[in-house]
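Structure data follow from coords-v4.csv (CSV, C-alpha atoms):
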```csv
chain,number,residue,atom,x,y,z
A,234,MET,CA,17.7,10.8,-9.3
A,235,LYS,CA,17.4,12.4,-12.7
A,236,LEU,CA,14.8,9.9,-13.9
A,237,LEU,CA,12.4,10.8,-11.0
A,238,GLU,CA,13.1,14.6,-11.4
A,239,LYS,CA,12.2,14.3,-15.1
A,240,ILE,CA,8.9,12.5,-14.4
A,241,ILE,CA,8.0,15.0,-11.7
A,242,ALA,CA,8.7,17.9,-14.1
A,243,ASP,CA,6.7,16.2,-16.9
A,244,GLU,CA,3.7,14.9,-14.9
A,245,GLY,CA,3.6,16.6,-11.6
A,246,ARG,CA,1.0,19.4,-11.1
A,247,VAL,CA,1.3,22.3,-8.7
A,248,TYR,CA,-1.7,23.5,-6.9
A,249,PRO,CA,-2.3,26.5,-4.5
A,250,GLY,CA,-1.1,25.8,-0.9
A,251,ASN,CA,2.2,24.2,-1.9
A,252,ILE,CA,0.4,21.0,-3.1
A,253,LEU,CA,2.3,18.9,-5.7
A,254,LYS,CA,0.1,16.2,-7.2
A,255,VAL,CA,2.0,13.2,-8.5
A,256,ASP,CA,-0.9,10.9,-8.5
A,257,SER,CA,-0.4,9.8,-12.1
A,258,PHE,CA,2.6,7.6,-11.1
A,259,LEU,CA,3.1,7.6,-7.3
A,260,ASN,CA,0.2,8.0,-5.0
A,261,HIS,CA,-3.1,7.2,-6.7
A,262,GLN,CA,-2.1,5.5,-9.9
A,263,ILE,CA,1.2,3.7,-9.3
A,264,ASP,CA,3.8,3.1,-12.1
A,265,VAL,CA,5.1,-0.1,-10.6
A,266,SER,CA,8.2,-0.3,-12.8
A,267,LEU,CA,9.2,3.2,-11.8
A,268,VAL,CA,8.5,2.5,-8.2
A,269,ASP,CA,10.8,-0.6,-8.5
A,270,ARG,CA,13.5,1.6,-9.9
A,271,LEU,CA,13.1,4.0,-6.9
A,272,GLY,CA,13.2,1.0,-4.5
A,273,GLU,CA,16.5,-0.3,-6.1
A,274,GLU,CA,18.0,3.1,-5.7
A,275,LEU,CA,17.3,3.2,-2.0
A,276,TYR,CA,18.6,-0.3,-1.7
A,277,TRP,CA,21.9,0.7,-3.2
A,278,LYS,CA,22.2,3.5,-0.7
A,279,TYR,CA,21.6,1.4,2.4
A,280,LYS,CA,22.6,-2.1,1.3
A,281,ASP,CA,25.5,-2.4,3.7
A,282,LYS,CA,23.5,-1.4,6.8
A,283,ASN,CA,22.2,-4.8,7.9
A,284,ILE,CA,18.6,-3.7,7.5
A,285,THR,CA,16.1,-6.1,9.1
A,286,LYS,CA,12.8,-4.2,8.5
A,287,ILE,CA,11.4,-1.6,6.2
A,288,LEU,CA,8.9,0.6,8.1
A,289,THR,CA,6.4,2.9,6.3
A,290,ILE,CA,3.0,4.3,6.9
A,291,GLU,CA,-0.2,3.6,5.1
A,292,ALA,CA,-1.2,4.1,2.4
A,293,SER,CA,1.0,5.5,-0.3
A,294,GLY,CA,4.3,4.5,1.3
A,295,ILE,CA,3.4,0.8,1.0
A,296,ALA,CA,4.2,0.4,-2.8
A,297,VAL,CA,7.7,1.9,-2.6
A,298,ALA,CA,8.4,0.1,0.8
A,299,CYS,CA,7.6,-3.2,-0.8
A,300,SER,CA,9.9,-2.4,-3.7
A,301,VAL,CA,12.7,-1.6,-1.3
A,302,ALA,CA,12.1,-4.6,0.9
A,303,ARG,CA,12.2,-7.0,-2.1
A,304,ASN,CA,15.9,-6.0,-2.7
A,305,PHE,CA,16.8,-6.5,1.0
A,306,ASP,CA,14.7,-9.7,1.3
A,307,VAL,CA,13.3,-8.3,4.6
A,308,PRO,CA,9.6,-7.7,5.6
A,309,VAL,CA,7.7,-4.4,5.3
A,310,VAL,CA,5.8,-3.2,8.4
A,311,PHE,CA,3.3,-0.4,7.7
A,312,ALA,CA,2.1,1.8,10.5
A,313,LYS,CA,-1.7,2.0,10.6
A,314,LYS,CA,-3.4,5.4,10.7
A,315,SER,CA,-6.5,4.5,12.7
A,316,GLN,CA,-7.2,2.1,15.5
A,317,SER,CA,-8.9,-0.8,13.8
A,318,LEU,CA,-11.0,-3.4,15.5
A,319,ASN,CA,-8.6,-5.9,14.0
A,320,ILE,CA,-5.4,-4.6,15.8
A,321,GLY,CA,-4.3,-6.0,19.2
A,322,SER,CA,-3.8,-3.9,22.2
A,323,ASP,CA,0.0,-4.3,22.3
A,324,VAL,CA,1.0,-1.5,20.0
A,325,TYR,CA,3.4,1.4,19.9
A,326,VAL,CA,1.4,4.6,19.3
A,327,SER,CA,2.5,8.1,18.1
A,328,ARG,CA,0.2,11.1,17.5
A,329,ILE,CA,0.7,12.8,14.2
A,330,SER,CA,-0.6,16.2,13.0
A,331,SER,CA,-1.3,16.0,9.3
A,332,PHE,CA,-0.5,19.0,7.2
A,333,THR,CA,-2.3,17.4,4.2
A,334,TYR,CA,-5.5,16.5,6.0
A,335,GLY,CA,-5.6,19.3,8.5
A,336,LYS,CA,-6.2,17.0,11.5
A,337,GLU,CA,-4.5,14.8,14.1
A,338,TYR,CA,-4.4,11.0,14.1
A,339,ASP,CA,-2.7,8.2,15.8
A,340,VAL,CA,-0.4,5.8,14.0
A,341,THR,CA,0.2,2.3,15.5
A,342,VAL,CA,2.6,-0.5,15.1
A,343,SER,CA,2.2,-3.8,16.8
A,344,THR,CA,4.9,-4.7,19.3
A,345,ASP,CA,5.0,-8.1,17.6
A,346,TYR,CA,6.7,-6.6,14.5
A,347,LEU,CA,9.3,-4.2,15.8
A,348,ASP,CA,11.7,-4.5,18.7
A,349,LYS,CA,15.3,-3.7,19.8
A,350,THR,CA,16.8,-6.4,17.6
A,351,ASP,CA,15.7,-4.5,14.5
A,352,ILE,CA,17.7,-2.2,12.3
A,353,VAL,CA,15.1,-0.2,10.4
A,354,LEU,CA,15.0,1.7,7.1
A,355,LEU,CA,12.2,4.2,7.2
A,356,VAL,CA,10.6,4.7,3.8
A,357,ASP,CA,7.8,7.0,2.5
A,358,ASP,CA,6.7,8.5,-0.8
A,359,PHE,CA,6.8,12.1,0.4
A,360,ILE,CA,8.2,14.3,3.0
A,361,ALA,CA,7.0,17.8,3.6
A,362,VAL,CA,6.8,19.1,7.1
A,363,GLY,CA,7.8,15.6,8.2
A,364,ASN,CA,5.3,14.9,10.9
A,365,ALA,CA,4.5,11.4,9.7
A,366,MET,CA,8.2,10.5,9.5
A,367,LYS,CA,8.8,12.0,13.0
A,368,GLY,CA,6.0,9.7,14.2
A,369,LEU,CA,7.8,6.7,12.7
A,370,VAL,CA,11.0,7.7,14.4
A,371,ASP,CA,9.1,8.0,17.7
A,372,ILE,CA,7.8,4.5,17.2
A,373,CYS,CA,11.3,3.1,16.5
A,374,ASN,CA,12.5,4.8,19.6
A,375,GLN,CA,9.6,3.3,21.7
A,376,ALA,CA,10.6,-0.1,20.3
A,377,GLY,CA,14.3,0.4,20.9
A,378,ALA,CA,15.0,-0.3,17.3
A,379,GLY,CA,17.9,1.2,15.4
A,380,ILE,CA,17.3,3.6,12.6
A,381,ALA,CA,19.8,3.1,9.7
A,382,GLY,CA,18.3,5.9,7.6
A,383,ILE,CA,15.3,7.4,6.0
A,384,GLY,CA,14.5,6.9,2.3
A,385,ILE,CA,12.1,9.2,0.6
A,386,CYS,CA,10.9,9.5,-3.0
A,387,ILE,CA,10.1,13.2,-3.1
A,388,GLU,CA,11.2,15.9,-0.5
A,389,LYS,CA,9.6,19.3,-0.5
A,390,ALA,CA,12.6,21.1,1.0
A,391,PHE,CA,10.8,24.4,1.6
A,392,GLN,CA,8.6,22.7,4.2
A,393,ASN,CA,11.8,21.6,6.2
A,394,GLY,CA,10.8,18.1,7.3
A,395,GLY,CA,13.8,16.5,5.7
A,396,ASP,CA,16.3,19.0,7.0
A,397,ASP,CA,14.7,18.8,10.5
A,398,LEU,CA,15.4,15.1,10.5
A,399,ARG,CA,19.0,15.6,9.2
A,400,LYS,CA,19.5,18.1,12.1
A,401,MET,CA,18.2,15.3,14.5
A,402,GLY,CA,21.1,13.2,13.2
A,403,TYR,CA,19.3,10.9,10.7
A,404,GLU,CA,20.6,10.2,7.2
A,405,VAL,CA,17.7,11.3,5.0
A,406,THR,CA,18.0,10.2,1.3
A,407,SER,CA,15.4,11.8,-0.9
A,408,LEU,CA,15.5,10.7,-4.5
A,409,ALA,CA,14.2,14.1,-5.7
A,410,ILE,CA,14.4,17.3,-3.5
A,411,ILE,CA,12.2,20.2,-4.5
A,412,GLU,CA,13.7,23.5,-3.5
A,413,SER,CA,10.9,25.6,-4.8
A,414,MET,CA,7.8,25.4,-7.0
A,415,THR,CA,5.5,28.1,-8.4
A,416,GLU,CA,1.8,27.9,-9.2
A,417,ASP,CA,2.6,28.2,-12.9
A,418,GLY,CA,4.3,24.8,-12.6
A,419,LYS,CA,8.0,25.6,-12.4
A,420,ILE,CA,9.8,23.2,-10.2
A,421,THR,CA,13.4,23.7,-9.0
A,422,PHE,CA,15.3,20.7,-7.7
A,423,ARG,CA,18.3,20.6,-5.3
A,424,GLU,CA,21.4,19.4,-7.1
A,425,GLN,CA,22.4,15.9,-5.9
A,426,GLU,CA,24.8,13.2,-7.0
A,427,GLU,CA,23.3,10.1,-8.4
A,428,ILE,CA,23.4,7.0,-6.1
A,429,GLY,CA,23.4,4.0,-8.5
B,123,MET,CA,-3.3,-22.3,-3.1
B,124,LYS,CA,-1.8,-24.8,-0.6
B,125,LEU,CA,1.1,-22.5,0.2
B,126,LEU,CA,-1.2,-19.8,1.4
B,127,GLU,CA,-3.5,-22.2,3.2
B,128,LYS,CA,-0.5,-23.6,5.1
B,129,ILE,CA,0.7,-20.1,6.2
B,130,ILE,CA,-2.8,-19.1,7.3
B,131,ALA,CA,-3.1,-22.3,9.3
B,132,ASP,CA,0.3,-21.8,10.9
B,133,GLU,CA,0.3,-18.0,11.5
B,134,GLY,CA,-3.3,-16.9,11.4
B,135,ARG,CA,-5.0,-16.1,14.7
B,136,VAL,CA,-8.8,-16.3,15.2
B,137,TYR,CA,-10.5,-13.8,17.4
B,138,PRO,CA,-14.1,-13.4,18.6
B,139,GLY,CA,-16.4,-11.8,16.0
B,140,ASN,CA,-15.1,-13.9,13.1
B,141,ILE,CA,-11.9,-11.9,13.0
B,142,LEU,CA,-8.9,-13.6,11.4
B,143,LYS,CA,-5.6,-11.8,12.0
B,144,VAL,CA,-3.0,-12.5,9.3
B,145,ASP,CA,-1.0,-9.4,10.2
B,146,SER,CA,2.3,-11.3,10.5
B,147,PHE,CA,2.5,-11.7,6.7
B,148,LEU,CA,-0.2,-9.9,4.9
B,149,ASN,CA,-1.8,-6.7,6.3
B,150,HIS,CA,0.5,-5.1,8.9
B,151,GLN,CA,3.8,-6.9,8.4
B,152,ILE,CA,4.1,-7.9,4.8
B,153,ASP,CA,6.1,-10.9,3.6
B,154,VAL,CA,7.0,-9.5,0.2
B,155,SER,CA,8.3,-12.7,-1.3
B,156,LEU,CA,5.0,-14.5,-0.3
B,157,VAL,CA,2.9,-11.6,-1.7
B,158,ASP,CA,4.9,-11.8,-4.9
B,159,ARG,CA,3.9,-15.5,-5.1
B,160,LEU,CA,0.3,-14.6,-4.6
B,161,GLY,CA,0.6,-11.9,-7.3
B,162,GLU,CA,2.0,-14.4,-9.8
B,163,GLU,CA,-0.8,-16.9,-9.1
B,164,LEU,CA,-3.4,-14.2,-9.9
B,165,TYR,CA,-1.5,-13.3,-13.0
B,166,TRP,CA,-1.6,-16.9,-14.3
B,167,LYS,CA,-5.4,-16.9,-13.8
B,168,TYR,CA,-6.0,-13.7,-15.8
B,169,LYS,CA,-3.0,-13.4,-18.1
B,170,ASP,CA,-5.1,-13.8,-21.3
B,171,LYS,CA,-7.7,-11.2,-20.4
B,172,ASN,CA,-6.0,-8.1,-21.9
B,173,ILE,CA,-5.9,-6.4,-18.5
B,174,THR,CA,-5.0,-2.7,-18.6
B,175,LYS,CA,-5.3,-1.7,-14.9
B,176,ILE,CA,-5.2,-3.3,-11.5
B,177,LEU,CA,-7.7,-1.6,-9.2
B,178,THR,CA,-7.5,-2.0,-5.4
B,179,ILE,CA,-8.4,-0.1,-2.3
B,180,GLU,CA,-6.1,1.4,0.3
B,181,ALA,CA,-4.3,0.3,2.3
B,182,SER,CA,-3.6,-3.4,2.6
B,183,GLY,CA,-4.6,-4.2,-1.0
B,184,ILE,CA,-1.8,-2.1,-2.4
B,185,ALA,CA,1.1,-4.6,-1.8
B,186,VAL,CA,-0.6,-7.5,-3.6
B,187,ALA,CA,-2.0,-5.2,-6.3
B,188,CYS,CA,1.6,-4.1,-7.1
B,189,SER,CA,2.8,-7.7,-7.2
B,190,VAL,CA,0.0,-8.6,-9.6
B,191,ALA,CA,0.6,-5.5,-11.8
B,192,ARG,CA,4.3,-6.1,-12.1
B,193,ASN,CA,3.5,-9.4,-14.0
B,194,PHE,CA,1.0,-7.7,-16.3
B,195,ASP,CA,3.2,-4.6,-16.7
B,196,VAL,CA,0.2,-2.3,-16.1
B,197,PRO,CA,-0.4,0.4,-13.5
B,198,VAL,CA,-2.1,-0.1,-10.2
B,199,VAL,CA,-4.8,2.4,-9.2
B,200,PHE,CA,-5.8,2.4,-5.6
B,201,ALA,CA,-9.2,3.8,-4.5
B,202,LYS,CA,-8.8,6.3,-1.6
B,203,LYS,CA,-10.8,6.0,1.5
B,204,SER,CA,-11.2,9.6,2.5
B,205,GLN,CA,-11.5,12.8,0.6
B,206,SER,CA,-8.0,14.3,0.8
B,207,LEU,CA,-7.2,18.0,0.2
B,208,ASN,CA,-4.9,16.6,-2.5
B,209,ILE,CA,-7.5,14.9,-4.7
B,210,GLY,CA,-9.3,16.8,-7.5
B,211,SER,CA,-13.0,17.2,-7.9
B,212,ASP,CA,-13.3,14.9,-10.9
B,213,VAL,CA,-13.7,11.6,-9.1
B,214,TYR,CA,-15.9,8.5,-9.1
B,215,VAL,CA,-17.3,8.0,-5.6
B,216,SER,CA,-18.9,5.0,-4.0
B,217,ARG,CA,-20.1,4.8,-0.4
B,218,ILE,CA,-19.0,1.7,1.5
B,219,SER,CA,-20.3,0.3,4.8
B,220,SER,CA,-17.3,-1.2,6.6
B,221,PHE,CA,-17.9,-4.4,8.5
B,222,THR,CA,-14.4,-4.2,10.1
B,223,TYR,CA,-14.6,-0.6,11.2
B,224,GLY,CA,-18.3,-0.3,11.9
B,225,LYS,CA,-18.8,2.9,9.9
B,226,GLU,CA,-19.5,4.2,6.5
B,227,TYR,CA,-16.9,5.9,4.3
B,228,ASP,CA,-16.6,7.1,0.7
B,229,VAL,CA,-14.0,5.7,-1.7
B,230,THR,CA,-12.9,7.8,-4.6
B,231,VAL,CA,-11.0,7.2,-7.9
B,232,SER,CA,-9.9,10.0,-10.1
B,233,THR,CA,-11.6,10.0,-13.5
B,234,ASP,CA,-8.1,10.5,-15.0
B,235,TYR,CA,-7.1,7.0,-14.2
B,236,LEU,CA,-10.1,4.8,-15.1
B,237,ASP,CA,-12.3,5.0,-18.2
B,238,LYS,CA,-14.3,2.9,-20.7
B,239,THR,CA,-11.1,1.8,-22.5
B,240,ASP,CA,-9.9,-0.1,-19.4
B,241,ILE,CA,-10.2,-3.8,-18.7
B,242,VAL,CA,-9.7,-4.1,-14.9
B,243,LEU,CA,-8.7,-6.8,-12.6
B,244,LEU,CA,-9.9,-6.0,-9.1
B,245,VAL,CA,-7.6,-7.1,-6.3
B,246,ASP,CA,-7.7,-7.1,-2.6
B,247,ASP,CA,-6.1,-8.9,0.3
B,248,PHE,CA,-9.4,-10.0,1.9
B,249,ILE,CA,-13.1,-10.4,1.1
B,250,ALA,CA,-15.6,-10.9,3.9
B,251,VAL,CA,-19.1,-9.3,3.4
B,252,GLY,CA,-17.6,-7.8,0.2
B,253,ASN,CA,-18.7,-4.2,0.6
B,254,ALA,CA,-15.4,-2.7,-0.3
B,255,MET,CA,-15.2,-4.9,-3.5
B,256,LYS,CA,-18.8,-4.0,-4.4
B,257,GLY,CA,-17.7,-0.4,-4.1
B,258,LEU,CA,-14.9,-1.0,-6.6
B,259,VAL,CA,-17.3,-2.7,-8.9
B,260,ASP,CA,-19.6,0.3,-8.7
B,261,ILE,CA,-16.7,2.6,-9.5
B,262,CYS,CA,-15.8,0.5,-12.6
B,263,ASN,CA,-19.4,0.7,-13.7
B,264,GLN,CA,-19.4,4.5,-13.3
B,265,ALA,CA,-16.3,4.6,-15.4
B,266,GLY,CA,-17.7,2.3,-18.0
B,267,ALA,CA,-14.6,0.1,-17.5
B,268,GLY,CA,-14.8,-3.7,-18.2
B,269,ILE,CA,-14.2,-6.0,-15.2
B,270,ALA,CA,-12.2,-9.1,-16.2
B,271,GLY,CA,-12.3,-10.6,-12.8
B,272,ILE,CA,-11.7,-10.3,-9.0
B,273,GLY,CA,-8.6,-11.6,-7.4
B,274,ILE,CA,-8.5,-12.0,-3.6
B,275,CYS,CA,-5.9,-13.5,-1.3
B,276,ILE,CA,-8.2,-14.7,1.5
B,277,GLU,CA,-12.0,-15.2,1.2
B,278,LYS,CA,-14.1,-15.7,4.4
B,279,ALA,CA,-16.9,-17.7,2.6
B,280,PHE,CA,-19.2,-17.7,5.6
B,281,GLN,CA,-19.6,-13.9,5.2
B,282,ASN,CA,-20.8,-14.4,1.6
B,283,GLY,CA,-19.2,-11.5,-0.1
B,284,GLY,CA,-17.3,-13.7,-2.6
B,285,ASP,CA,-20.4,-15.7,-3.5
B,286,ASP,CA,-22.5,-12.6,-3.8
B,287,LEU,CA,-20.2,-11.3,-6.4
B,288,ARG,CA,-20.1,-14.7,-8.2
B,289,LYS,CA,-24.0,-14.5,-8.3
B,290,MET,CA,-23.6,-11.0,-9.9
B,291,GLY,CA,-21.7,-12.7,-12.7
B,292,TYR,CA,-18.1,-11.9,-11.7
B,293,GLU,CA,-15.3,-14.4,-11.8
B,294,VAL,CA,-13.9,-14.3,-8.2
B,295,THR,CA,-10.6,-16.1,-7.7
B,296,SER,CA,-9.7,-16.4,-4.0
B,297,LEU,CA,-6.3,-18.0,-3.3
B,298,ALA,CA,-7.6,-19.4,0.0
B,299,ILE,CA,-11.3,-19.8,0.8
B,300,ILE,CA,-12.2,-20.2,4.5
B,301,GLU,CA,-15.4,-22.2,4.9
B,302,SER,CA,-15.4,-22.0,8.7
B,303,MET,CA,-13.2,-21.1,11.6
B,304,THR,CA,-13.6,-21.7,15.3
B,305,GLU,CA,-12.3,-19.6,18.2
B,306,ASP,CA,-9.9,-22.3,19.3
B,307,GLY,CA,-8.2,-21.7,15.9
B,308,LYS,CA,-9.4,-24.5,13.7
B,309,ILE,CA,-9.7,-23.2,10.1
B,310,THR,CA,-11.4,-25.2,7.4
B,311,PHE,CA,-10.7,-24.4,3.7
B,312,ARG,CA,-12.8,-25.0,0.7
B,313,GLU,CA,-11.2,-27.5,-1.7
B,314,GLN,CA,-9.9,-25.9,-4.8
B,315,GLU,CA,-7.7,-26.8,-7.7
B,316,GLU,CA,-4.3,-25.2,-7.9
B,317,ILE,CA,-3.9,-22.5,-10.6
B,318,GLY,CA,-0.2,-22.4,-11.5
```
Here is a file; write its structure as structure tokens.
Amino acid sequence: MKLLEKIIADEGRVYPGNILKVDSFLNHQIDVSLVDRLGEELYWKYKDKNITKILTIEASGIAVACSVARNFDVPVVFAKKSQSLNIGSDVYVSRISSFTYGKEYDVTVSTDYLDKTDIVLLVDDFIAVGNAMKGLVDICNQAGAGIAGIGICIEKAFQNGGDDLRKMGYEVTSLAIIESMTEDGKITFREQEEIG
Amino acid sequence: MKLLEKIIADEGRVYPGNILKVDSFLNHQIDVSLVDRLGEELYWKYKDKNITKILTIEASGIAVACSVARNFDVPVVFAKKSQSLNIGSDVYVSRISSFTYGKEYDVTVSTDYLDKTDIVLLVDDFIAVGNAMKGLVDICNQAGAGIAGIGICIEKAFQNGGDDLRKMGYEVTSLAIIESMTEDGKITFREQEEIG
């Protein structure tokens, strides 16, 4: 999606350790009108798949998941990263090793909100090594839910999470795919056809 | 807001320890069309206040904050709950004692996204003892930003956070205010005039 690639090129900042900061528009400050455009784009890709739920993971996936869900008129479910006192005991749990935070954590989804009747579109703002997304896949498998596809705003291709999931047989749609980036800020995108 | 009160009465579940679970529509599964209605209602209350930013806190405030922000055509900024490797050093920090989680944590907002030129509407899904919201007020004060008001979906009045902030001089608008609730599920709301 050229619009997103341009904004990443203009506003993204590259830091040592393969870190791309896009917190001016996506995951700290949120440009809601942009996120709505991203949500529409993912809707157009999956609109004929009979999606019943959008599943994401807190926190920065929630905004784009809501924008996608509005188009489908289906609920969002967001996986929770830590066991809160407020969550019931009947949950699907998957353990995730976080590249960003350098630690392991559990994600949980209540069995009330995902089951074998669901056809799920998995959505997140970023995919790098893909551990968070693999955790969401695991949770869908535990629930017996179908996975129609995986919609991502920004894929860091050199960390292989997106391609891992494609090899597992999932249709991964990333609106911008970064093939490489250098510490002086040069970002190279994978060529893709526009969806919408 | 009678619509929200009805949904809380129909779908909310009361648990020991003054816990109200509304995770079927607000903070685990999200009914996006309902959340959009809540966002519009808060917009109508504050539409003449020259709001420049919607400030919330991850994770469950993000959905309603985006719905509010869409009406104002301003960005959302969400305070982050833990110091990520991806956040810069130039941040406002406030320490919050969590009633729900029984521990303390820091919330941070980058100095890039909040300053003295901003007029902020603070938004969250819930207010109970109000410590998270008081942390957001602290962060606005550190930034020198103006606070136009505080918009909440559900206030648990018997935990006093909303009234504490009113006594501090802030205009707190809660779309549903719970005066009391019993473990057999009876929920009593404070009488309020409709906004919209």
Neighbours of Ser331 in chain A within 12 Å (all atoms listed in the file; same-chain residues fewer than 6 positions away dropped), as a PDB file with C-alpha atoms, in the frame of the given file?
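part.pdb written:
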```
ATOM      1  CA  LYS A 314      -3.400   5.400  10.700  1.00  0.00           C
ATOM      2  CA  GLU A 337      -4.500  14.800  14.100  1.00  0.00           C
ATOM      3  CA  TYR A 338      -4.400  11.000  14.100  1.00  0.00           C
ATOM      4  CA  ASP A 339      -2.700   8.200  15.800  1.00  0.00           C
ATOM      5  CA  VAL A 340      -0.400   5.800  14.000  1.00  0.00           C
ATOM      6  CA  ILE A 360       8.200  14.300   3.000  1.00  0.00           C
ATOM      7  CA  ALA A 361       7.000  17.800   3.600  1.00  0.00           C
ATOM      8  CA  VAL A 362       6.800  19.100   7.100  1.00  0.00           C
ATOM      9  CA  GLY A 363       7.800  15.600   8.200  1.00  0.00           C
ATOM     10  CA  ASN A 364       5.300  14.900  10.900  1.00  0.00           C
ATOM     11  CA  ALA A 365       4.500  11.400   9.700  1.00  0.00           C
ATOM     12  CA  MET A 366       8.200  10.500   9.500  1.00  0.00           C
ATOM     13  CA  LYS A 367       8.800  12.000  13.000  1.00  0.00           C
ATOM     14  CA  GLY A 368       6.000   9.700  14.200  1.00  0.00           C
TER      15      GLY A 368
ATOM     16  CA  SER B 206      -8.000  14.300   0.800  1.00  0.00           C
ATOM     17  CA  LEU B 207      -7.200  18.000   0.200  1.00  0.00           C
TER      18      LEU B 207
END
```
Q: Please identify all polymer residues within 7 Å of Asn149 in chain B, counting only C-alpha atoms, omitting same-chain residues fewer than 4 positions from it, and present them as a VMD selection string.
A: chain B and resid 144 to 145 182
Q: Please report as a PyMOL selection string which residues of chain B come no farther than 6 Å from chain A, using all atoms listed in the file.
A: chain B and resi 150-153+180-181+185+197-200
(Q) Here is a test: counting all atoms listed in the file, which residue of B:Asp132, B:Asp247, B:Asp240, B:Glu163 is nearest to Glu316 in chain B? (A)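 Of B:Asp132, B:Asp247, B:Asp240, B:Glu163, the one nearest Glu316 in chain B is B:Glu163, counting all atoms listed in the file.
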Q: For range 285-288 of chain B, list every protein, DNA or RNA residue within 10 Å, evaluated using all atoms listed in the file, and leave out those in the same chain fewer than 3 positions away; present the list as a VMD selection string.
A: chain B and resid 251 to 252 255 to 256 259 271 to 272 277 279 to 282 291 to 295
Q: Just the residues within 10 Å of Thr310 in chain B, please, counting all atoms listed in the file, with nothing from its chain fewer than 5 positions along; format it as number ranges by chain.
A: B: 127, 131, 299-304
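Straight-line separation from CA of Gly377 in chain A to CA of Val353 in chain A: 10.5 Å.
Ranking B:Tyr165, B:Lys171, B:Arg159, B:Gly307 by their shortest atom-to-atom distance to Pro138 in chain B, with only C-alpha atoms included, puts B:Gly307 first.
Between CA of Ile380 in chain A and CA of Leu354 in chain A there is a distance of 6.3 Å.
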Complete range 289-303 of chain B at the level of N, CA and C atoms, written as a short mmCIF file (atom, residue, chain, number, x, y, z; two decimals), keeping the file's coordinate frame.
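Listed below is the output, out-v5.cif:
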```
data_model
loop_
_atom_site.label_atom_id
_atom_site.label_comp_id
_atom_site.auth_asym_id
_atom_site.auth_seq_id
_atom_site.Cartn_x
_atom_site.Cartn_y
_atom_site.Cartn_z
N LYS B 289 -22.56 -14.56 -7.88
CA LYS B 289 -24.00 -14.50 -8.30
C LYS B 289 -24.24 -13.32 -9.22
N MET B 290 -23.50 -12.24 -9.01
CA MET B 290 -23.60 -11.00 -9.90
C MET B 290 -22.96 -11.26 -11.22
N GLY B 291 -22.27 -12.40 -11.38
CA GLY B 291 -21.70 -12.70 -12.70
C GLY B 291 -20.20 -12.50 -12.79
N TYR B 292 -19.54 -12.13 -11.69
CA TYR B 292 -18.10 -11.90 -11.70
C TYR B 292 -17.32 -13.16 -11.42
N GLU B 293 -16.18 -13.29 -12.08
CA GLU B 293 -15.30 -14.40 -11.80
C GLU B 293 -14.42 -14.02 -10.60
N VAL B 294 -14.70 -14.59 -9.46
CA VAL B 294 -13.90 -14.30 -8.20
C VAL B 294 -12.95 -15.43 -8.01
N THR B 295 -11.66 -15.08 -7.95
CA THR B 295 -10.60 -16.10 -7.70
C THR B 295 -10.01 -15.74 -6.31
N SER B 296 -10.26 -16.60 -5.36
CA SER B 296 -9.70 -16.40 -4.00
C SER B 296 -8.65 -17.49 -3.80
N LEU B 297 -7.44 -17.08 -3.43
CA LEU B 297 -6.30 -18.00 -3.30
C LEU B 297 -6.49 -18.98 -2.15
N ALA B 298 -7.21 -18.51 -1.12
CA ALA B 298 -7.60 -19.40 0.00
C ALA B 298 -9.02 -19.01 0.37
N ILE B 299 -9.88 -20.00 0.47
CA ILE B 299 -11.30 -19.80 0.80
C ILE B 299 -11.56 -20.48 2.16
N ILE B 300 -11.90 -19.69 3.16
CA ILE B 300 -12.20 -20.20 4.50
C ILE B 300 -13.65 -20.53 4.61
N GLU B 301 -13.99 -21.80 4.75
CA GLU B 301 -15.40 -22.20 4.90
C GLU B 301 -15.86 -21.93 6.33
N SER B 302 -14.99 -22.22 7.29
CA SER B 302 -15.40 -22.00 8.70
C SER B 302 -14.11 -21.85 9.53
N MET B 303 -14.30 -21.19 10.67
CA MET B 303 -13.20 -21.10 11.60
C MET B 303 -13.78 -21.05 13.02
#
```
